[in-house]
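**Student:** Pasting my_file_3.csv here (CSV, C-alpha atoms and all ligand atoms):
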```csv
chain,number,residue,atom,x,y,z
R,633,MET,CA,20.2,-5.9,-1.6
R,634,SER,CA,20.5,-9.1,-3.6
R,635,GLU,CA,23.7,-9.5,-5.6
R,636,LEU,CA,21.4,-10.2,-8.6
R,637,LEU,CA,19.9,-6.8,-8.4
R,638,GLN,CA,23.3,-5.1,-8.1
R,639,ARG,CA,24.6,-6.9,-11.2
R,640,LEU,CA,21.6,-6.5,-13.5
R,641,PRO,CA,21.0,-3.2,-15.2
R,642,SER,CA,17.9,-1.4,-14.0
R,643,PRO,CA,15.1,-1.7,-14.9
R,644,PHE,CA,15.2,-5.1,-16.5
R,645,LEU,CA,15.8,-8.4,-14.7
R,646,SER,CA,15.6,-11.7,-16.6
R,647,ARG,CA,13.1,-14.5,-16.1
R,648,GLU,CA,16.0,-16.8,-15.2
R,649,GLY,CA,17.0,-14.4,-12.5
R,650,ALA,CA,13.5,-14.4,-11.2
R,651,ALA,CA,13.5,-18.2,-11.1
R,652,ARG,CA,16.8,-18.3,-9.3
R,653,SER,CA,15.7,-15.9,-6.6
R,654,LYS,CA,12.5,-17.4,-5.5
R,655,LEU,CA,12.4,-18.1,-1.8
R,656,SER,CA,15.9,-17.2,-1.0
R,657,LYS,CA,15.5,-13.4,-1.4
R,658,CYS,CA,11.9,-12.7,-0.8
R,659,SER,CA,11.9,-11.0,2.6
R,660,MET,CA,13.3,-7.7,4.0
R,661,THR,CA,12.8,-9.2,7.5
R,662,PRO,CA,12.3,-12.9,6.7
R,663,GLY,CA,9.3,-14.6,8.4
R,664,LYS,CA,7.9,-11.4,9.9
R,665,LYS,CA,4.2,-11.3,9.5
R,666,LEU,CA,2.8,-8.2,7.7
R,667,GLU,CA,0.9,-6.3,10.4
R,668,GLY,CA,0.6,-2.8,11.8
R,669,LEU,CA,0.9,0.2,9.5
R,670,VAL,CA,2.0,0.1,5.9
R,671,ALA,CA,2.5,3.4,4.1
R,672,ALA,CA,1.0,3.5,0.6
R,673,ALA,CA,4.1,4.9,-1.1
R,674,ILE,CA,3.7,8.1,-3.1
R,675,THR,CA,5.7,8.2,-6.3
R,676,PRO,CA,8.0,11.2,-6.2
R,677,MET,CA,8.2,13.0,-9.5
R,678,THR,CA,10.3,15.8,-10.9
R,679,PRO,CA,8.6,19.1,-11.8
R,680,ASP,CA,8.5,17.8,-15.5
R,681,GLY,CA,6.7,14.7,-14.5
R,682,GLN,CA,9.5,12.0,-14.5
R,683,ILE,CA,9.8,9.6,-11.6
R,684,ASN,CA,12.3,10.9,-9.1
R,685,LEU,CA,14.2,8.0,-7.6
R,686,SER,CA,16.8,10.3,-6.0
R,687,VAL,CA,14.6,11.1,-3.0
R,688,ILE,CA,13.5,7.6,-2.0
R,689,HIS,CA,16.5,7.2,0.3
R,690,GLN,CA,15.4,10.3,2.2
R,691,TYR,CA,11.8,9.1,2.0
R,692,VAL,CA,12.6,5.8,3.7
R,693,ASP,CA,14.6,7.5,6.5
R,694,TYR,CA,11.7,9.9,7.0
R,695,LEU,CA,9.1,7.1,7.4
R,696,VAL,CA,11.3,5.1,9.8
R,697,ARG,CA,12.6,8.0,11.9
R,698,GLU,CA,9.7,10.5,11.9
R,699,GLN,CA,6.7,8.4,11.3
R,700,ASN,CA,7.8,5.1,13.0
R,701,VAL,CA,6.5,3.2,9.9
R,702,LYS,CA,8.5,0.3,8.6
R,703,ASN,CA,6.4,-1.2,5.9
R,704,ILE,CA,5.7,0.2,2.4
R,705,PHE,CA,3.2,-0.6,-0.4
R,706,VAL,CA,4.8,0.4,-3.7
R,707,ASN,CA,3.1,1.3,-7.0
R,708,GLY,CA,-0.5,1.2,-5.6
R,709,THR,CA,-3.2,3.8,-5.9
R,710,THR,CA,-1.3,6.5,-4.0
R,711,GLY,CA,1.8,5.6,-6.0
R,712,GLU,CA,-0.1,6.1,-9.3
R,713,GLY,CA,1.0,2.6,-10.2
R,714,LEU,CA,-1.5,2.3,-13.0
R,715,SER,CA,-0.4,5.6,-14.5
R,716,LEU,CA,3.3,4.5,-14.8
R,717,SER,CA,5.0,2.5,-17.5
R,718,ILE,CA,6.2,-1.0,-16.7
R,719,GLN,CA,9.8,0.2,-16.8
R,720,GLU,CA,9.0,3.0,-14.3
R,721,ARG,CA,7.3,0.5,-12.0
R,722,LYS,CA,10.3,-1.8,-12.1
R,723,GLN,CA,12.7,1.1,-11.4
R,724,LEU,CA,10.6,2.2,-8.4
R,725,ALA,CA,10.3,-1.3,-7.1
R,726,GLU,CA,14.1,-1.8,-7.3
R,727,GLU,CA,14.8,1.5,-5.6
R,728,TRP,CA,12.4,0.9,-2.7
R,729,VAL,CA,13.8,-2.6,-2.2
R,730,ARG,CA,17.4,-1.3,-2.4
R,731,GLN,CA,16.8,1.6,0.0
R,732,GLY,CA,14.6,-0.4,2.3
R,733,LYS,CA,17.2,-3.1,2.9
R,734,ASP,CA,18.0,-3.2,6.6
R,735,LYS,CA,15.6,-0.4,7.3
R,736,LEU,CA,12.2,-1.6,6.4
R,737,ASP,CA,10.4,-4.8,7.5
R,738,HIS,CA,8.3,-5.2,4.4
R,739,VAL,CA,8.3,-3.8,0.9
R,740,ILE,CA,5.2,-5.0,-0.9
R,741,ILE,CA,5.0,-4.4,-4.6
R,742,HIS,CA,1.7,-3.9,-6.3
R,743,VAL,CA,2.0,-5.8,-9.6
R,744,GLY,CA,-1.6,-5.6,-10.9
R,745,ALA,CA,-2.2,-4.5,-14.5
R,746,LEU,CA,-4.9,-4.7,-17.1
R,747,SER,CA,-2.7,-6.9,-19.2
R,748,LEU,CA,-2.0,-10.4,-17.7
R,749,PRO,CA,1.5,-10.7,-19.3
R,750,GLU,CA,2.5,-7.3,-17.9
R,751,SER,CA,1.3,-8.3,-14.5
R,752,GLN,CA,3.2,-11.6,-14.7
R,753,ASP,CA,6.3,-9.8,-15.8
R,754,LEU,CA,6.0,-7.5,-12.8
R,755,ALA,CA,5.5,-10.4,-10.5
R,756,ARG,CA,8.6,-12.2,-11.7
R,757,HIS,CA,10.6,-8.9,-11.4
R,758,ALA,CA,9.4,-8.4,-7.8
R,759,ALA,CA,10.5,-11.9,-6.9
R,760,ALA,CA,13.9,-11.4,-8.6
R,761,ILE,CA,14.6,-8.2,-6.6
R,762,GLY,CA,13.6,-9.7,-3.3
R,763,ALA,CA,10.3,-8.0,-2.5
R,764,SER,CA,8.7,-9.2,0.6
R,765,GLY,CA,5.3,-9.6,-1.0
R,766,ILE,CA,3.2,-8.8,-4.1
R,767,ALA,CA,-0.3,-7.5,-4.4
R,768,VAL,CA,-2.7,-7.5,-7.3
R,769,ILE,CA,-5.8,-5.4,-8.0
R,770,ALA,CA,-8.7,-6.8,-9.9
R,771,PRO,CA,-8.5,-5.9,-13.6
R,772,PHE,CA,-11.0,-3.1,-14.2
R,773,PHE,CA,-11.5,-2.5,-17.9
R,774,PHE,CA,-12.6,-6.0,-18.9
R,775,LYS,CA,-13.7,-7.1,-15.5
R,776,PRO,CA,-14.0,-10.6,-14.0
R,777,THR,CA,-17.7,-11.2,-13.5
R,778,ASN,CA,-17.5,-13.7,-10.7
R,779,LYS,CA,-15.2,-15.1,-8.1
R,780,ASP,CA,-13.8,-17.9,-10.3
R,781,GLU,CA,-12.7,-15.5,-13.1
R,782,LEU,CA,-11.1,-13.2,-10.6
R,783,VAL,CA,-9.2,-16.1,-8.8
R,784,ALA,CA,-8.1,-17.5,-12.1
R,785,PHE,CA,-6.5,-14.1,-13.0
R,786,LEU,CA,-4.9,-13.8,-9.6
R,787,GLN,CA,-3.6,-17.3,-9.7
R,788,LYS,CA,-1.9,-16.8,-13.1
R,789,VAL,CA,0.0,-13.8,-11.6
R,790,ALA,CA,0.8,-15.4,-8.2
R,791,SER,CA,2.2,-18.5,-9.8
R,792,GLU,CA,4.9,-16.5,-11.5
R,793,ALA,CA,6.4,-15.6,-8.1
R,794,PRO,CA,6.0,-19.0,-6.3
R,795,GLY,CA,8.1,-18.0,-3.3
R,796,VAL,CA,6.6,-14.6,-2.7
R,797,PRO,CA,3.6,-13.9,-0.3
R,798,PHE,CA,0.6,-12.8,-2.4
R,799,TYR,CA,-2.1,-10.3,-1.3
R,800,TYR,CA,-5.3,-9.5,-3.1
R,801,TYR,CA,-5.8,-5.7,-3.3
R,802,HIS,CA,-9.6,-5.1,-3.0
R,803,ILE,CA,-10.6,-1.5,-3.9
R,804,PRO,CA,-14.0,-1.6,-5.5
R,805,PRO,CA,-14.6,2.2,-5.4
R,806,LEU,CA,-11.8,2.4,-8.1
R,807,THR,CA,-12.0,-0.9,-9.9
R,808,GLY,CA,-15.7,-1.3,-9.9
R,809,VAL,CA,-15.2,-5.0,-9.2
R,810,LYS,CA,-17.5,-5.7,-6.3
R,811,ILE,CA,-17.0,-9.4,-5.8
R,812,ARG,CA,-17.2,-10.0,-2.1
R,813,VAL,CA,-13.9,-11.0,-0.5
R,814,GLU,CA,-15.6,-13.4,1.8
R,815,GLU,CA,-16.5,-15.4,-1.3
R,816,LEU,CA,-13.1,-15.0,-2.9
R,817,LEU,CA,-11.3,-16.5,0.2
R,818,ASP,CA,-13.3,-19.7,0.1
R,819,GLY,CA,-10.7,-22.3,-0.9
R,820,ILE,CA,-8.2,-19.7,-2.1
R,821,ARG,CA,-5.1,-21.5,-0.7
R,822,GLU,CA,-5.9,-24.5,-2.9
R,823,GLN,CA,-5.6,-22.3,-6.0
R,824,ILE,CA,-3.0,-19.9,-4.7
R,825,PRO,CA,-0.7,-21.6,-2.2
R,826,THR,CA,1.2,-18.3,-1.6
R,827,PHE,CA,-2.0,-16.4,-0.7
R,828,GLN,CA,-1.3,-14.4,2.4
R,829,GLY,CA,-4.0,-11.9,2.9
R,830,VAL,CA,-6.1,-9.0,1.7
R,831,LYS,CA,-5.6,-5.2,1.4
R,832,PHE,CA,-9.2,-4.3,2.0
R,833,SER,CA,-9.9,-0.7,0.7
R,834,ASP,CA,-13.6,-0.7,1.1
R,835,THR,CA,-16.2,0.5,3.6
R,836,ASP,CA,-18.1,-2.8,3.7
R,837,LEU,CA,-17.2,-3.8,7.2
R,838,LEU,CA,-19.7,-6.7,7.1
R,839,ASP,CA,-17.7,-8.3,4.3
R,840,LEU,CA,-14.4,-7.7,6.2
R,841,ALA,CA,-15.8,-9.0,9.4
R,842,GLN,CA,-17.1,-12.2,7.7
R,843,CYS,CA,-13.6,-12.7,6.2
R,844,ILE,CA,-12.0,-12.5,9.6
R,845,ASN,CA,-14.6,-14.5,11.3
R,846,LYS,CA,-14.3,-17.4,8.8
R,847,ASN,CA,-10.6,-17.4,8.3
R,848,GLY,CA,-9.1,-15.9,11.4
R,849,SER,CA,-6.6,-13.1,11.3
R,850,GLU,CA,-3.9,-15.7,12.2
R,851,GLN,CA,-4.3,-17.5,8.9
R,852,PHE,CA,-4.3,-14.5,6.6
R,853,ALA,CA,-3.3,-10.9,7.1
R,854,PHE,CA,-6.2,-8.4,6.8
R,855,LEU,CA,-4.9,-4.8,6.1
R,856,TYR,CA,-7.5,-2.1,6.1
R,857,GLY,CA,-7.4,0.7,3.5
R,858,VAL,CA,-9.9,3.4,4.6
R,859,ASP,CA,-7.8,5.4,7.0
R,860,GLU,CA,-10.6,7.6,8.3
R,861,GLN,CA,-12.4,4.6,9.8
R,862,LEU,CA,-9.5,2.3,10.8
R,863,LEU,CA,-10.8,2.1,14.3
R,864,GLY,CA,-13.9,0.4,13.1
R,865,ALA,CA,-11.8,-2.2,11.2
R,866,LEU,CA,-9.6,-2.7,14.3
R,867,ALA,CA,-12.8,-3.6,16.2
R,868,VAL,CA,-13.6,-6.4,13.8
R,869,GLY,CA,-10.0,-7.7,14.0
R,870,VAL,CA,-7.8,-6.4,11.2
R,871,ASN,CA,-4.0,-7.0,11.5
R,872,GLY,CA,-3.1,-3.6,10.3
R,873,ALA,CA,-3.7,-1.0,7.6
R,874,VAL,CA,-2.3,0.2,4.3
R,875,GLY,CA,-3.0,3.9,3.5
R,876,SER,CA,-1.8,7.2,2.2
R,877,THR,CA,-2.1,9.1,5.5
R,878,TYR,CA,0.5,6.9,7.2
R,879,ASN,CA,3.1,8.8,5.2
R,880,TYR,CA,2.5,11.8,7.3
R,881,LEU,CA,0.2,10.7,10.2
R,882,GLY,CA,1.9,7.4,10.8
R,883,ARG,CA,3.1,8.3,14.2
R,884,LYS,CA,-0.3,9.5,15.4
R,885,THR,CA,-2.1,6.5,13.9
R,886,LYS,CA,0.4,4.2,15.7
R,887,LEU,CA,-0.6,5.8,19.0
R,888,MET,CA,-4.2,5.0,18.1
R,889,LEU,CA,-3.2,1.4,17.5
R,890,GLN,CA,-1.4,1.3,20.8
R,891,ALA,CA,-4.4,2.8,22.7
R,892,PHE,CA,-6.7,0.3,21.1
R,893,ALA,CA,-4.4,-2.6,22.0
R,894,LYS,CA,-4.0,-1.4,25.6
R,895,PRO,CA,-7.1,-1.2,25.6
R,896,ASP,CA,-7.9,2.5,26.0
R,897,LEU,CA,-10.8,2.9,23.7
R,898,ALA,CA,-11.5,6.5,24.7
R,899,LEU,CA,-7.9,7.5,23.7
R,900,ALA,CA,-8.1,5.5,20.5
R,901,GLN,CA,-11.3,7.3,19.6
R,902,LYS,CA,-9.7,10.7,20.3
R,903,TYR,CA,-7.0,9.9,17.7
R,904,GLN,CA,-9.5,8.5,15.2
R,905,PHE,CA,-11.8,11.6,15.6
R,906,LEU,CA,-8.8,14.0,15.1
R,907,ILE,CA,-7.5,12.1,12.1
R,908,GLY,CA,-11.1,12.1,10.8
R,909,GLU,CA,-11.4,15.8,11.5
R,910,PHE,CA,-8.4,16.5,9.2
R,911,LEU,CA,-9.6,14.0,6.5
R,912,ASN,CA,-13.2,15.3,6.6
R,913,PHE,CA,-11.9,18.8,6.1
R,914,VAL,CA,-9.7,18.0,3.1
R,915,ILE,CA,-12.2,15.6,1.5
R,916,LYS,CA,-14.6,18.5,1.4
R,917,LEU,CA,-12.0,20.6,-0.4
R,918,GLY,CA,-11.3,17.8,-2.8
R,919,PHE,CA,-8.8,15.1,-1.8
R,920,GLY,CA,-7.0,12.5,-3.8
R,921,VAL,CA,-3.5,11.5,-4.8
R,922,ALA,CA,-2.4,15.0,-6.0
R,923,GLN,CA,-3.4,16.5,-2.6
R,924,THR,CA,-1.7,13.7,-0.8
R,925,LYS,CA,1.5,14.5,-2.6
R,926,ALA,CA,1.1,18.2,-1.6
R,927,VAL,CA,0.4,17.4,2.1
R,928,MET,CA,3.4,15.0,2.2
R,929,THR,CA,5.6,17.6,0.7
R,930,PHE,CA,4.8,20.3,3.3
R,931,VAL,CA,4.8,17.9,6.2
R,932,SER,CA,8.0,16.0,5.4
R,933,GLY,CA,9.9,18.6,3.4
R,934,ILE,CA,10.6,16.0,0.7
R,935,PRO,CA,9.5,17.2,-2.7
R,936,MET,CA,6.9,14.8,-4.1
R,937,GLY,CA,6.3,16.7,-7.2
R,938,PRO,CA,3.2,16.8,-9.4
R,939,PRO,CA,0.9,14.0,-10.1
R,940,ARG,CA,0.7,12.5,-13.6
R,941,PRO,CA,-2.2,13.5,-15.9
R,942,PRO,CA,-5.1,13.3,-15.9
R,943,LEU,CA,-4.6,14.2,-12.2
R,944,VAL,CA,-3.7,17.9,-11.6
R,945,ASN,CA,-1.6,19.6,-9.0
R,946,ALA,CA,-3.3,20.6,-5.7
R,947,SER,CA,-4.1,24.3,-5.7
R,948,GLU,CA,-2.2,26.8,-3.5
R,949,GLU,CA,-5.5,27.5,-1.7
R,950,PHE,CA,-5.8,23.8,-0.9
R,951,ILE,CA,-2.3,23.6,0.4
R,952,ALA,CA,-2.7,26.7,2.6
R,953,LYS,CA,-6.0,25.5,4.1
R,954,ALA,CA,-4.8,21.9,4.6
R,955,LYS,CA,-1.6,23.1,6.3
R,956,ALA,CA,-3.5,25.5,8.6
R,957,LYS,CA,-6.0,22.7,9.6
R,958,LEU,CA,-3.2,20.2,10.3
R,959,ASP,CA,-1.3,22.7,12.4
R,960,SER,CA,-4.4,23.6,14.4
R,961,ILE,CA,-5.0,20.1,15.6
R,962,VAL,CA,-4.0,19.5,19.3
R,963,TRP,CA,-3.2,15.8,19.7
R,964,PRO,CA,-3.6,13.9,22.9
R,965,ASP,CA,0.1,13.4,23.1
R,966,GLY,CA,0.5,17.1,23.4
R,967,ASP,CA,2.0,17.5,19.9
R,1001,LIG,C1,-8.9,5.5,-2.6
R,1001,LIG,C2,-7.6,5.7,-1.9
R,1001,LIG,O1,-6.7,6.4,-2.4
R,1001,LIG,N1,-7.5,5.1,-0.7
R,1001,LIG,C3,-6.3,5.1,0.1
R,1001,LIG,C4,-6.6,5.6,1.5
R,1001,LIG,O2,-5.4,5.7,2.2
R,1001,LIG,C5,-7.1,7.1,1.4
R,1001,LIG,O3,-6.2,7.9,0.8
R,1001,LIG,C6,-7.4,7.6,2.8
R,1001,LIG,O4,-8.3,6.7,3.4
R,1001,LIG,C7,-8.1,9.0,2.7
R,1001,LIG,O5,-9.3,8.9,2.2
R,1001,LIG,C8,-5.6,3.8,0.2
R,1001,LIG,O6,-6.6,2.8,0.4
R,1001,LIG,C9,-4.9,3.5,-1.1
R,1001,LIG,C10,-3.8,2.7,-1.0
R,1001,LIG,O7,-3.5,2.0,0.0
R,1001,LIG,C11,-2.8,2.6,-2.1
R,1001,LIG,O8,-2.2,3.6,-2.4
R,1001,LIG,O9,-2.7,1.6,-2.7
```
Turn this file's structure into structure tokens for me.
Ligand SMILES: CC(=O)N[C@@H]([C@@H](O)[C@H](O)[C@H](O)CO)[C@@H](O)CC(=O)C(=O)O
**Tutor:**
Amino acid sequence: MSELLQRLPSPFLSREGAARSKLSKCSMTPGKKLEGLVAAAITPMTPDGQINLSVIHQYVDYLVREQNVKNIFVNGTTGEGLSLSIQERKQLAEEWVRQGKDKLDHVIIHVGALSLPESQDLARHAAAIGASGIAVIAPFFFKPTNKDELVAFLQKVASEAPGVPFYYYHIPPLTGVKIRVEELLDGIREQIPTFQGVKFSDTDLLDLAQCINKNGSEQFAFLYGVDEQLLGALAVGVNGAVGSTYNYLGRKTKLMLQAFAKPDLALAQKYQFLIGEFLNFVIKLGFGVAQTKAVMTFVSGIPMGPPRPPLVNASEEFIAKAKAKLDSIVWPDGD
């Protein structure tokens, strides 16, 4: 952890601090490309709905030891980032960076917000604490209507953290911003020199494939965000994936990645079908962030707590059925 972070009171870090940090403190594992699996961090909460920083140490150890996952995406969709205050987002970012030091390869902080100054503030903060990357979602109340408006917004945030790799977080089912990424990438490095890649949480594999075909997955990192069809995205060349299920199915999904790389497509398909069988089952019951928190709680034993309203707790019936389903799956590795 940076000395700066240890000295400054949480949750606030000054703009001067951010400026001082820049390149020097921006990586958990400096220079290591973001690839493989990235867990979309859940935000643990106490029963009365406050953020619960005290279990993040245990959470990091669980991901590394039990799930073999060493990258984390903080304050995104699964982390209820847009339902948290700026102060809470900063506290969480600091705690993940602090606990991830020497254990995680990448701690990416989602700094998107509807308000540009808030997003910029979060970007400066992420730089100051030594995050390995920042990501930004498209603003979704007043929306950009074309590529230029979206890039202008992203640029204004990215430029506040000039030494930190920047990722665009594309999730049109939630933002309603359907600007094609293929279009967005055209000339992006001229506007955003820190641009490093895309977290692509959409089912449009044509758009994704065109992005990869035109830019090459060596130039940018393409991380896929629809866990139930990751194998399709691997086939078009993504570098990895960011998702909620890697919190508790990370080890199994890694086995799928290994089978795909070998290549043993039949084995990779087996893993994808089984992961899909579980997700198909829970999606039919009603599956979202609240249910992810419940599943992670019973799989890991770490209390993730309730979601923040308007989301409501997963029902006892959901928990019982989801647990029975997960327990019933026989994985190819015999587990
Ligand atoms: C809409 C949504 O929450 N999508 C998830 C998926 O991991 C999703 O939970 C999974 O594919 C199951 O449907 C991720 O893309 C979200 C994510 O990475 C994040 O939390 O930022």
**Student:** Which of these residues is nearest to ligand LIG 1001 (chain R), using only C-alpha atoms and all ligand atoms: R:Ile718, R:Val701, R:Ala725, R:Ile915?
**Tutor:**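 For ligand LIG 1001 (chain R), the nearest of the given residues is R:Ile915.
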**Student:** When you look at R:Asp753 with a cut-off of 9 Å (counting only C-alpha atoms), what residues show up, excluding the ones that are within fewer than 5 positions of it in the same chain? I need them as an MDAnalysis selection string.
**Tutor:** chainID R and resid 647 718 743 748 758 789 792
**Student:** Choose the residue, out of R:Ala770, R:Ala755, R:Ala956, R:Val706, that has the smallest atom-to-atom separation from ligand LIG 1001 (chain R); count all atoms listed in the file.
**Tutor:** R:Val706
**Student:** With a cut-off of 9 Å, could you pull out the residues of chain R touching ligand LIG 1001 (chain R) and give me the nearest pair of atoms for each, distance in Å to one decimal, using all atoms listed in the file, ordered by chain and ascending number, as JSON lines?
**Tutor:**
```
{"residue": "R:Val670", "atom": "CA", "partner": "R:LIG1001", "partner_atom": "O7", "distance": 8.3}
{"residue": "R:Ala671", "atom": "CA", "partner": "R:LIG1001", "partner_atom": "O7", "distance": 7.4}
{"residue": "R:Ala672", "atom": "CA", "partner": "R:LIG1001", "partner_atom": "O8", "distance": 4.4}
{"residue": "R:Ala673", "atom": "CA", "partner": "R:LIG1001", "partner_atom": "O8", "distance": 6.6}
{"residue": "R:Ile674", "atom": "CA", "partner": "R:LIG1001", "partner_atom": "O8", "distance": 7.5}
{"residue": "R:Phe705", "atom": "CA", "partner": "R:LIG1001", "partner_atom": "O9", "distance": 6.7}
{"residue": "R:Val706", "atom": "CA", "partner": "R:LIG1001", "partner_atom": "O9", "distance": 7.7}
{"residue": "R:Asn707", "atom": "CA", "partner": "R:LIG1001", "partner_atom": "O9", "distance": 7.2}
{"residue": "R:Gly708", "atom": "CA", "partner": "R:LIG1001", "partner_atom": "O9", "distance": 3.7}
{"residue": "R:Thr709", "atom": "CA", "partner": "R:LIG1001", "partner_atom": "O8", "distance": 3.6}
{"residue": "R:Thr710", "atom": "CA", "partner": "R:LIG1001", "partner_atom": "O8", "distance": 3.4}
{"residue": "R:Gly711", "atom": "CA", "partner": "R:LIG1001", "partner_atom": "O8", "distance": 5.7}
{"residue": "R:Glu712", "atom": "CA", "partner": "R:LIG1001", "partner_atom": "O8", "distance": 7.6}
{"residue": "R:Gly713", "atom": "CA", "partner": "R:LIG1001", "partner_atom": "O9", "distance": 8.4}
{"residue": "R:His742", "atom": "CA", "partner": "R:LIG1001", "partner_atom": "O9", "distance": 7.9}
{"residue": "R:Tyr801", "atom": "CA", "partner": "R:LIG1001", "partner_atom": "O9", "distance": 8.0}
{"residue": "R:Ile803", "atom": "CA", "partner": "R:LIG1001", "partner_atom": "O6", "distance": 7.3}
{"residue": "R:Pro805", "atom": "CA", "partner": "R:LIG1001", "partner_atom": "C1", "distance": 7.2}
{"residue": "R:Leu806", "atom": "CA", "partner": "R:LIG1001", "partner_atom": "C1", "distance": 6.9}
{"residue": "R:Lys831", "atom": "CA", "partner": "R:LIG1001", "partner_atom": "O7", "distance": 7.6}
{"residue": "R:Phe832", "atom": "CA", "partner": "R:LIG1001", "partner_atom": "O6", "distance": 7.7}
{"residue": "R:Ser833", "atom": "CA", "partner": "R:LIG1001", "partner_atom": "O6", "distance": 4.8}
{"residue": "R:Asp834", "atom": "CA", "partner": "R:LIG1001", "partner_atom": "O6", "distance": 7.9}
{"residue": "R:Tyr856", "atom": "CA", "partner": "R:LIG1001", "partner_atom": "O6", "distance": 7.6}
{"residue": "R:Gly857", "atom": "CA", "partner": "R:LIG1001", "partner_atom": "O6", "distance": 3.8}
{"residue": "R:Val858", "atom": "CA", "partner": "R:LIG1001", "partner_atom": "O4", "distance": 3.9}
{"residue": "R:Asp859", "atom": "CA", "partner": "R:LIG1001", "partner_atom": "O4", "distance": 3.9}
{"residue": "R:Glu860", "atom": "CA", "partner": "R:LIG1001", "partner_atom": "O4", "distance": 5.5}
{"residue": "R:Gln861", "atom": "CA", "partner": "R:LIG1001", "partner_atom": "O4", "distance": 7.9}
{"residue": "R:Leu862", "atom": "CA", "partner": "R:LIG1001", "partner_atom": "O4", "distance": 8.7}
{"residue": "R:Ala873", "atom": "CA", "partner": "R:LIG1001", "partner_atom": "O7", "distance": 8.2}
{"residue": "R:Val874", "atom": "CA", "partner": "R:LIG1001", "partner_atom": "O7", "distance": 4.8}
{"residue": "R:Gly875", "atom": "CA", "partner": "R:LIG1001", "partner_atom": "O2", "distance": 3.3}
{"residue": "R:Ser876", "atom": "CA", "partner": "R:LIG1001", "partner_atom": "O2", "distance": 3.9}
{"residue": "R:Thr877", "atom": "CA", "partner": "R:LIG1001", "partner_atom": "O2", "distance": 5.8}
{"residue": "R:Tyr878", "atom": "CA", "partner": "R:LIG1001", "partner_atom": "O2", "distance": 7.8}
{"residue": "R:Leu911", "atom": "CA", "partner": "R:LIG1001", "partner_atom": "C7", "distance": 6.5}
{"residue": "R:Asn912", "atom": "CA", "partner": "R:LIG1001", "partner_atom": "O5", "distance": 8.7}
{"residue": "R:Ile915", "atom": "CA", "partner": "R:LIG1001", "partner_atom": "O5", "distance": 7.3}
{"residue": "R:Phe919", "atom": "CA", "partner": "R:LIG1001", "partner_atom": "O5", "distance": 7.4}
{"residue": "R:Gly920", "atom": "CA", "partner": "R:LIG1001", "partner_atom": "O1", "distance": 6.3}
{"residue": "R:Val921", "atom": "CA", "partner": "R:LIG1001", "partner_atom": "O1", "distance": 6.5}
{"residue": "R:Thr924", "atom": "CA", "partner": "R:LIG1001", "partner_atom": "O3", "distance": 7.5}
```
**Student:** Given the selection you just returned, output its residues as a file containing C-alpha atoms, formatted as a compact mmCIF listing (two decimals), in the frame of the given file.
**Tutor:**
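Below is the file part22.txt, written as the result:
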```
# COMPACT_ATOMS: atom_id res chain seq x y z
CA VAL R 670 2.00 0.10 5.90
CA ALA R 671 2.50 3.40 4.10
CA ALA R 672 1.00 3.50 0.60
CA ALA R 673 4.10 4.90 -1.10
CA ILE R 674 3.70 8.10 -3.10
CA PHE R 705 3.20 -0.60 -0.40
CA VAL R 706 4.80 0.40 -3.70
CA ASN R 707 3.10 1.30 -7.00
CA GLY R 708 -0.50 1.20 -5.60
CA THR R 709 -3.20 3.80 -5.90
CA THR R 710 -1.30 6.50 -4.00
CA GLY R 711 1.80 5.60 -6.00
CA GLU R 712 -0.10 6.10 -9.30
CA GLY R 713 1.00 2.60 -10.20
CA HIS R 742 1.70 -3.90 -6.30
CA TYR R 801 -5.80 -5.70 -3.30
CA ILE R 803 -10.60 -1.50 -3.90
CA PRO R 805 -14.60 2.20 -5.40
CA LEU R 806 -11.80 2.40 -8.10
CA LYS R 831 -5.60 -5.20 1.40
CA PHE R 832 -9.20 -4.30 2.00
CA SER R 833 -9.90 -0.70 0.70
CA ASP R 834 -13.60 -0.70 1.10
CA TYR R 856 -7.50 -2.10 6.10
CA GLY R 857 -7.40 0.70 3.50
CA VAL R 858 -9.90 3.40 4.60
CA ASP R 859 -7.80 5.40 7.00
CA GLU R 860 -10.60 7.60 8.30
CA GLN R 861 -12.40 4.60 9.80
CA LEU R 862 -9.50 2.30 10.80
CA ALA R 873 -3.70 -1.00 7.60
CA VAL R 874 -2.30 0.20 4.30
CA GLY R 875 -3.00 3.90 3.50
CA SER R 876 -1.80 7.20 2.20
CA THR R 877 -2.10 9.10 5.50
CA TYR R 878 0.50 6.90 7.20
CA LEU R 911 -9.60 14.00 6.50
CA ASN R 912 -13.20 15.30 6.60
CA ILE R 915 -12.20 15.60 1.50
CA PHE R 919 -8.80 15.10 -1.80
CA GLY R 920 -7.00 12.50 -3.80
CA VAL R 921 -3.50 11.50 -4.80
CA THR R 924 -1.70 13.70 -0.80
```
**Student:** Excluding R:Ala841 and residues on its chain fewer than 4 positions from it, collect all residues at most 10 Å away from it, counting all atoms listed in the file, and give them as JSON, numbers by chain.
**Tutor:** {"R": [814, 836, 837, 845, 846, 847, 848, 854, 865, 867, 868, 869, 870]}
**Student:** Expressed in Å to a single decimal, how great is the separation between atom CA of R:His689 and atom CA of R:Pro938?
**Tutor:** 19.1 Å
**Student:** As a count of residues only, please: the residues near R:Glu815 (cut-off 10 Å, all atoms listed in the file, same-chain neighbours under 2 positions excluded).
**Tutor:** 13
**Student:** Which is closest to R:Phe910 among R:Ser960, R:Gln890, R:Gln731, R:Gln752, if we use only C-alpha atoms?
**Tutor:**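 For R:Phe910, the nearest of the candidates is R:Ser960.
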**Student:** So that I can check the surroundings of stretch 963-966 of chain R, please list as a short mmCIF file (atom, residue, chain, number, x, y, z; two decimals) with C-alpha atoms, in the coordinates of the input every protein, DNA and RNA residue that reaches within 10 Å of it, counting only C-alpha atoms and ignoring chain neighbours fewer than 5 positions away.
**Tutor:**
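Contents of the output file out-v3.cif:
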```cif
data_model
loop_
_atom_site.label_atom_id
_atom_site.label_comp_id
_atom_site.auth_asym_id
_atom_site.auth_seq_id
_atom_site.Cartn_x
_atom_site.Cartn_y
_atom_site.Cartn_z
CA LYS R 884 -0.30 9.50 15.40
CA LEU R 887 -0.60 5.80 19.00
CA LEU R 899 -7.90 7.50 23.70
CA ALA R 900 -8.10 5.50 20.50
CA LYS R 902 -9.70 10.70 20.30
CA TYR R 903 -7.00 9.90 17.70
CA LEU R 906 -8.80 14.00 15.10
CA ILE R 907 -7.50 12.10 12.10
#
```
